[in-house]
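Below is coords-v1.txt, which holds compact mmCIF, C-alpha atoms.
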# COMPACT_ATOMS: atom_id res chain seq x y z
CA LEU A 5 17.32 22.48 -49.01
CA LYS A 6 17.11 19.18 -50.83
CA CYS A 7 19.99 19.57 -53.25
CA ALA A 8 20.74 18.00 -56.61
CA VAL A 9 23.53 15.43 -56.77
CA GLN A 10 25.65 14.69 -59.83
CA ASN A 11 27.16 11.22 -60.16
CA TYR A 12 30.03 11.85 -62.56
CA PRO A 13 32.68 9.13 -63.15
CA TRP A 14 35.39 11.24 -61.46
CA GLY A 15 33.48 11.33 -58.15
CA LYS A 16 34.29 9.39 -55.00
CA PRO A 17 32.63 6.19 -53.81
CA ALA A 18 29.78 6.84 -51.36
CA ASP A 19 31.74 5.75 -48.28
CA GLU A 20 34.49 8.33 -49.04
CA SER A 21 32.36 11.17 -50.39
CA LEU A 22 31.34 14.32 -48.55
CA VAL A 23 28.63 14.77 -51.20
CA ALA A 24 27.07 11.39 -50.32
CA LYS A 25 26.90 12.44 -46.65
CA PHE A 26 24.59 15.34 -47.57
CA THR A 27 22.07 13.35 -49.59
CA ASP A 28 19.39 10.69 -49.19
CA ASN A 29 19.17 7.39 -51.06
CA VAL A 30 22.89 6.71 -51.27
CA SER A 31 23.96 3.94 -53.64
CA ASP A 32 27.14 1.93 -53.17
CA THR A 33 27.48 1.53 -56.94
CA LYS A 34 27.52 5.22 -57.97
CA PRO A 35 30.34 7.76 -57.69
CA TYR A 36 29.32 10.97 -55.87
CA ALA A 37 30.88 14.00 -57.57
CA GLU A 38 28.87 17.19 -56.95
CA LEU A 39 26.17 18.51 -54.65
CA TRP A 40 24.46 21.59 -56.10
CA MET A 41 22.85 24.26 -53.92
CA GLY A 42 20.96 26.82 -55.98
CA THR A 43 19.25 26.65 -59.33
CA HIS A 44 20.31 24.98 -62.54
CA PRO A 45 18.30 23.43 -65.38
CA ARG A 46 19.80 20.02 -64.53
CA GLY A 47 19.18 20.26 -60.80
CA HIS A 48 17.30 22.83 -58.76
CA SER A 49 17.44 22.82 -54.99
CA VAL A 50 14.03 22.38 -53.40
CA VAL A 51 13.09 23.97 -50.09
CA THR A 52 12.41 21.04 -47.74
CA GLY A 53 8.79 20.65 -46.71
CA THR A 54 7.47 23.06 -49.34
CA GLY A 55 8.18 21.40 -52.67
CA ARG A 56 9.11 24.89 -53.92
CA THR A 57 12.21 25.49 -56.00
CA TYR A 58 14.80 27.74 -54.43
CA GLN A 59 14.30 31.03 -56.26
CA ILE A 60 14.24 34.78 -55.71
CA GLY A 61 10.47 34.88 -55.09
CA TYR A 62 10.84 32.33 -52.30
CA LEU A 63 13.70 34.24 -50.66
CA LYS A 64 11.75 37.51 -50.72
CA MET A 65 9.03 35.95 -48.55
CA PHE A 66 11.30 36.17 -45.50
CA PRO A 67 11.83 39.53 -43.74
CA ILE A 68 15.43 38.80 -42.76
CA GLY A 69 17.38 41.08 -45.04
CA TRP A 70 17.38 38.89 -48.15
CA GLU A 71 16.38 41.94 -50.19
CA HIS A 72 19.89 43.34 -49.77
CA PHE A 73 21.33 40.16 -51.25
CA VAL A 74 18.64 39.56 -53.85
CA LEU A 75 18.71 43.09 -55.23
CA LYS A 76 22.36 42.64 -56.17
CA LEU A 77 21.56 39.56 -58.28
CA PRO A 78 20.85 39.86 -61.99
CA VAL A 79 17.16 40.21 -62.68
CA ILE A 80 16.33 37.37 -65.00
CA ALA A 81 12.90 36.69 -66.50
CA ASP A 82 12.68 33.24 -64.90
CA ARG A 83 13.22 34.78 -61.44
CA PHE A 84 15.61 32.03 -60.36
CA CYS A 85 18.45 32.88 -58.04
CA HIS A 86 21.32 32.44 -60.49
CA PHE A 87 23.85 31.25 -57.97
CA LEU A 88 25.14 27.72 -57.74
CA LEU A 89 27.27 26.55 -54.85
CA LYS A 90 28.86 23.19 -55.48
CA ILE A 91 30.43 20.74 -53.07
CA LEU A 92 32.78 18.45 -54.99
CA SER A 93 34.09 15.02 -54.06
CA VAL A 94 36.99 14.53 -56.46
CA ASN A 95 38.52 11.09 -56.87
CA LYS A 96 40.25 11.57 -60.25
CA ALA A 97 41.89 14.47 -62.06
CA LEU A 98 39.42 16.87 -63.69
CA SER A 99 39.76 18.53 -67.06
CA ILE A 100 40.56 22.22 -67.12
CA GLN A 101 37.56 24.49 -67.53
CA VAL A 102 37.78 28.02 -68.83
CA HIS A 103 34.86 30.35 -68.26
CA PRO A 104 34.57 33.52 -70.34
CA THR A 105 33.91 37.00 -68.97
CA LYS A 106 30.29 38.26 -68.90
CA LYS A 107 30.80 40.21 -72.14
CA HIS A 108 32.52 37.34 -73.93
CA ALA A 109 29.94 34.81 -72.64
CA ALA A 110 27.10 36.89 -74.12
CA LYS A 111 28.93 37.07 -77.47
CA LEU A 112 29.68 33.34 -77.53
CA HIS A 113 26.08 32.55 -76.62
CA GLU A 114 24.82 34.73 -79.46
CA GLU A 115 27.21 33.18 -82.02
CA PHE A 116 27.24 29.56 -80.81
CA PRO A 117 24.18 28.90 -78.62
CA GLN A 118 24.51 25.14 -79.12
CA HIS A 119 27.93 25.23 -77.38
CA TYR A 120 27.29 28.17 -75.02
CA PRO A 121 23.66 27.86 -73.89
CA ASP A 122 24.17 30.34 -71.06
CA PRO A 123 25.00 34.00 -71.78
CA ASN A 124 26.34 34.52 -68.25
CA HIS A 125 29.85 34.40 -66.91
CA LYS A 126 30.67 31.89 -64.18
CA PRO A 127 32.97 33.36 -61.57
CA GLU A 128 34.32 30.63 -59.34
CA MET A 129 36.03 30.22 -56.01
CA ALA A 130 37.40 26.99 -54.57
CA ILE A 131 37.56 26.29 -50.84
CA ALA A 132 38.83 22.90 -49.68
CA LEU A 133 36.59 21.29 -47.04
CA THR A 134 38.78 18.19 -46.86
CA GLU A 135 42.33 17.42 -48.00
CA PHE A 136 42.60 18.40 -51.67
CA GLU A 137 45.41 18.71 -54.18
CA GLY A 138 44.76 21.03 -57.09
CA LEU A 139 46.54 22.72 -60.00
CA CYS A 140 49.29 20.12 -59.94
CA GLY A 141 52.15 20.39 -62.38
CA PHE A 142 51.27 23.71 -63.98
CA ARG A 143 54.52 25.48 -63.06
CA PRO A 144 57.81 24.33 -61.63
CA THR A 145 58.14 25.09 -57.92
CA PRO A 146 61.06 27.55 -58.39
CA GLN A 147 58.92 29.64 -60.76
CA ILE A 148 56.03 29.71 -58.25
CA ILE A 149 58.43 30.85 -55.51
CA GLU A 150 59.84 33.56 -57.78
CA ASP A 151 56.33 34.76 -58.69
CA MET A 152 55.47 34.98 -55.00
CA ARG A 153 58.66 36.95 -54.34
CA LEU A 154 57.84 39.38 -57.15
CA HIS A 155 54.19 39.69 -56.05
CA PRO A 156 54.13 39.66 -52.23
CA GLU A 157 50.34 40.09 -52.20
CA LEU A 158 50.12 36.43 -53.25
CA THR A 159 51.85 35.26 -50.09
CA SER A 160 49.14 36.63 -47.78
CA SER A 161 46.90 33.80 -48.99
CA PHE A 162 49.33 31.23 -47.63
CA THR A 163 50.19 32.58 -44.20
Output the structure of this file as structure tokens.
Amino acid sequence: LKCAVQNYPWGKPADESLVAKFTDNVSDTKPYAELWMGTHPRGHSVVTGTGRTYQIGYLKMFPIGWEHFVLKLPVIADRFCHFLLKILSVNKALSIQVHPTKKHAAKLHEEFPQHYPDPNHKPEMAIALTEFEGLCGFRPTPQIIEDMRLHPELTSSFT
């Protein structure tokens, strides 16, 4: 895939960025913040050598079991694979983002389409590929330890 790159101000310089390592035409003057794999109006991935946008129709051409994955995706009129994997190179603190549930997203989109252009929810997962510090300063350490003591299922993520 040839993936879209976003050069947001909070990104890392090219020589420190994992995102820059996965792209062509690297500039020393731009920050590299996000590499997007999937489909999005501001940056679709293109299948290398084909010029075709990564979408459900393209995936279905291959007899390797994609149908099991694709059939679980929402069927949308544009037939794009509505999945966006992002690799982030974070150099500065990011603002907090809150994504509504599917039901609430649809309602917000209906009432305020100018602010919520997408009626879908955006479940997220973060996996650090390099050293990363996140969610700093949200709770005092003693409170985090107490929460982990009260909810032992949380500790399995850290062992």
request  = Compare A:Trp40, A:Pro146, A:Leu89, A:His125 by their minimum atom-to-atom distance to Ala109 of chain A, counting all atoms listed in the file, and give me the closest one.
outcome  =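 Nearest to Ala109 of chain A: A:His125.
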request  = Please identify all polymer residues within 9 Å of Asn124 of chain A, counting all atoms listed in the file, omitting same-chain residues fewer than 3 positions from it, and present them as a ChimeraX atom specification.
outcome  = /A:104-110,113
remark   = One residue among A:Leu154, A:Tyr12, A:Met129, A:Leu39 is nearest to Leu98 of chain A when using all atoms listed in the file, and that residue is A:Tyr12
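Straight-line separation from atom CA of Glu20 of chain A to atom CA of Ala130 of chain A: 19.7 Å.
Put simply, atom CA of Trp14 of chain A is 10.2 Å away from atom CA of Ser99 of chain A.
Ranking A:Asn95, A:Asn29, A:Thr43, A:Gln10 by their shortest atom-to-atom distance to Glu137 of chain A, with all atoms listed in the file included, puts A:Asn95 first.
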request  = Give me, please, the distance in Å between atom CA of Val30 of chain A and atom CA of Glu128 of chain A, quoted to one decimal.
outcome  = 27.7 Å
query = Which one of A:Leu22, A:Ala37, A:Lys96, A:Cys7 sits closest to Thr52 of chain A if you count only C-alpha atoms?
reply =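 Going through A:Leu22, A:Ala37, A:Lys96, A:Cys7 one by one, the smallest distance to Thr52 of chain A is for A:Cys7.
Across A:Lys126, A:Arg46, A:Lys25, A:Lys16, the tightest approach to Val102 of chain A is made by A:Lys126 when counting all atoms listed in the file.
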message = Residues within 9 Å of Pro17 of chain A, please, as a PyMOL selection string. Count only C-alpha atoms; anything in the same chain fewer than 5 positions from it doesn't count.
response = chain A and resi 24+31-37+93+95
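Nearest to Met41 of chain A of all the residues A:Ile149, A:Ile91, A:Ile100, A:Ile131 is A:Ile91, based on only C-alpha atoms.
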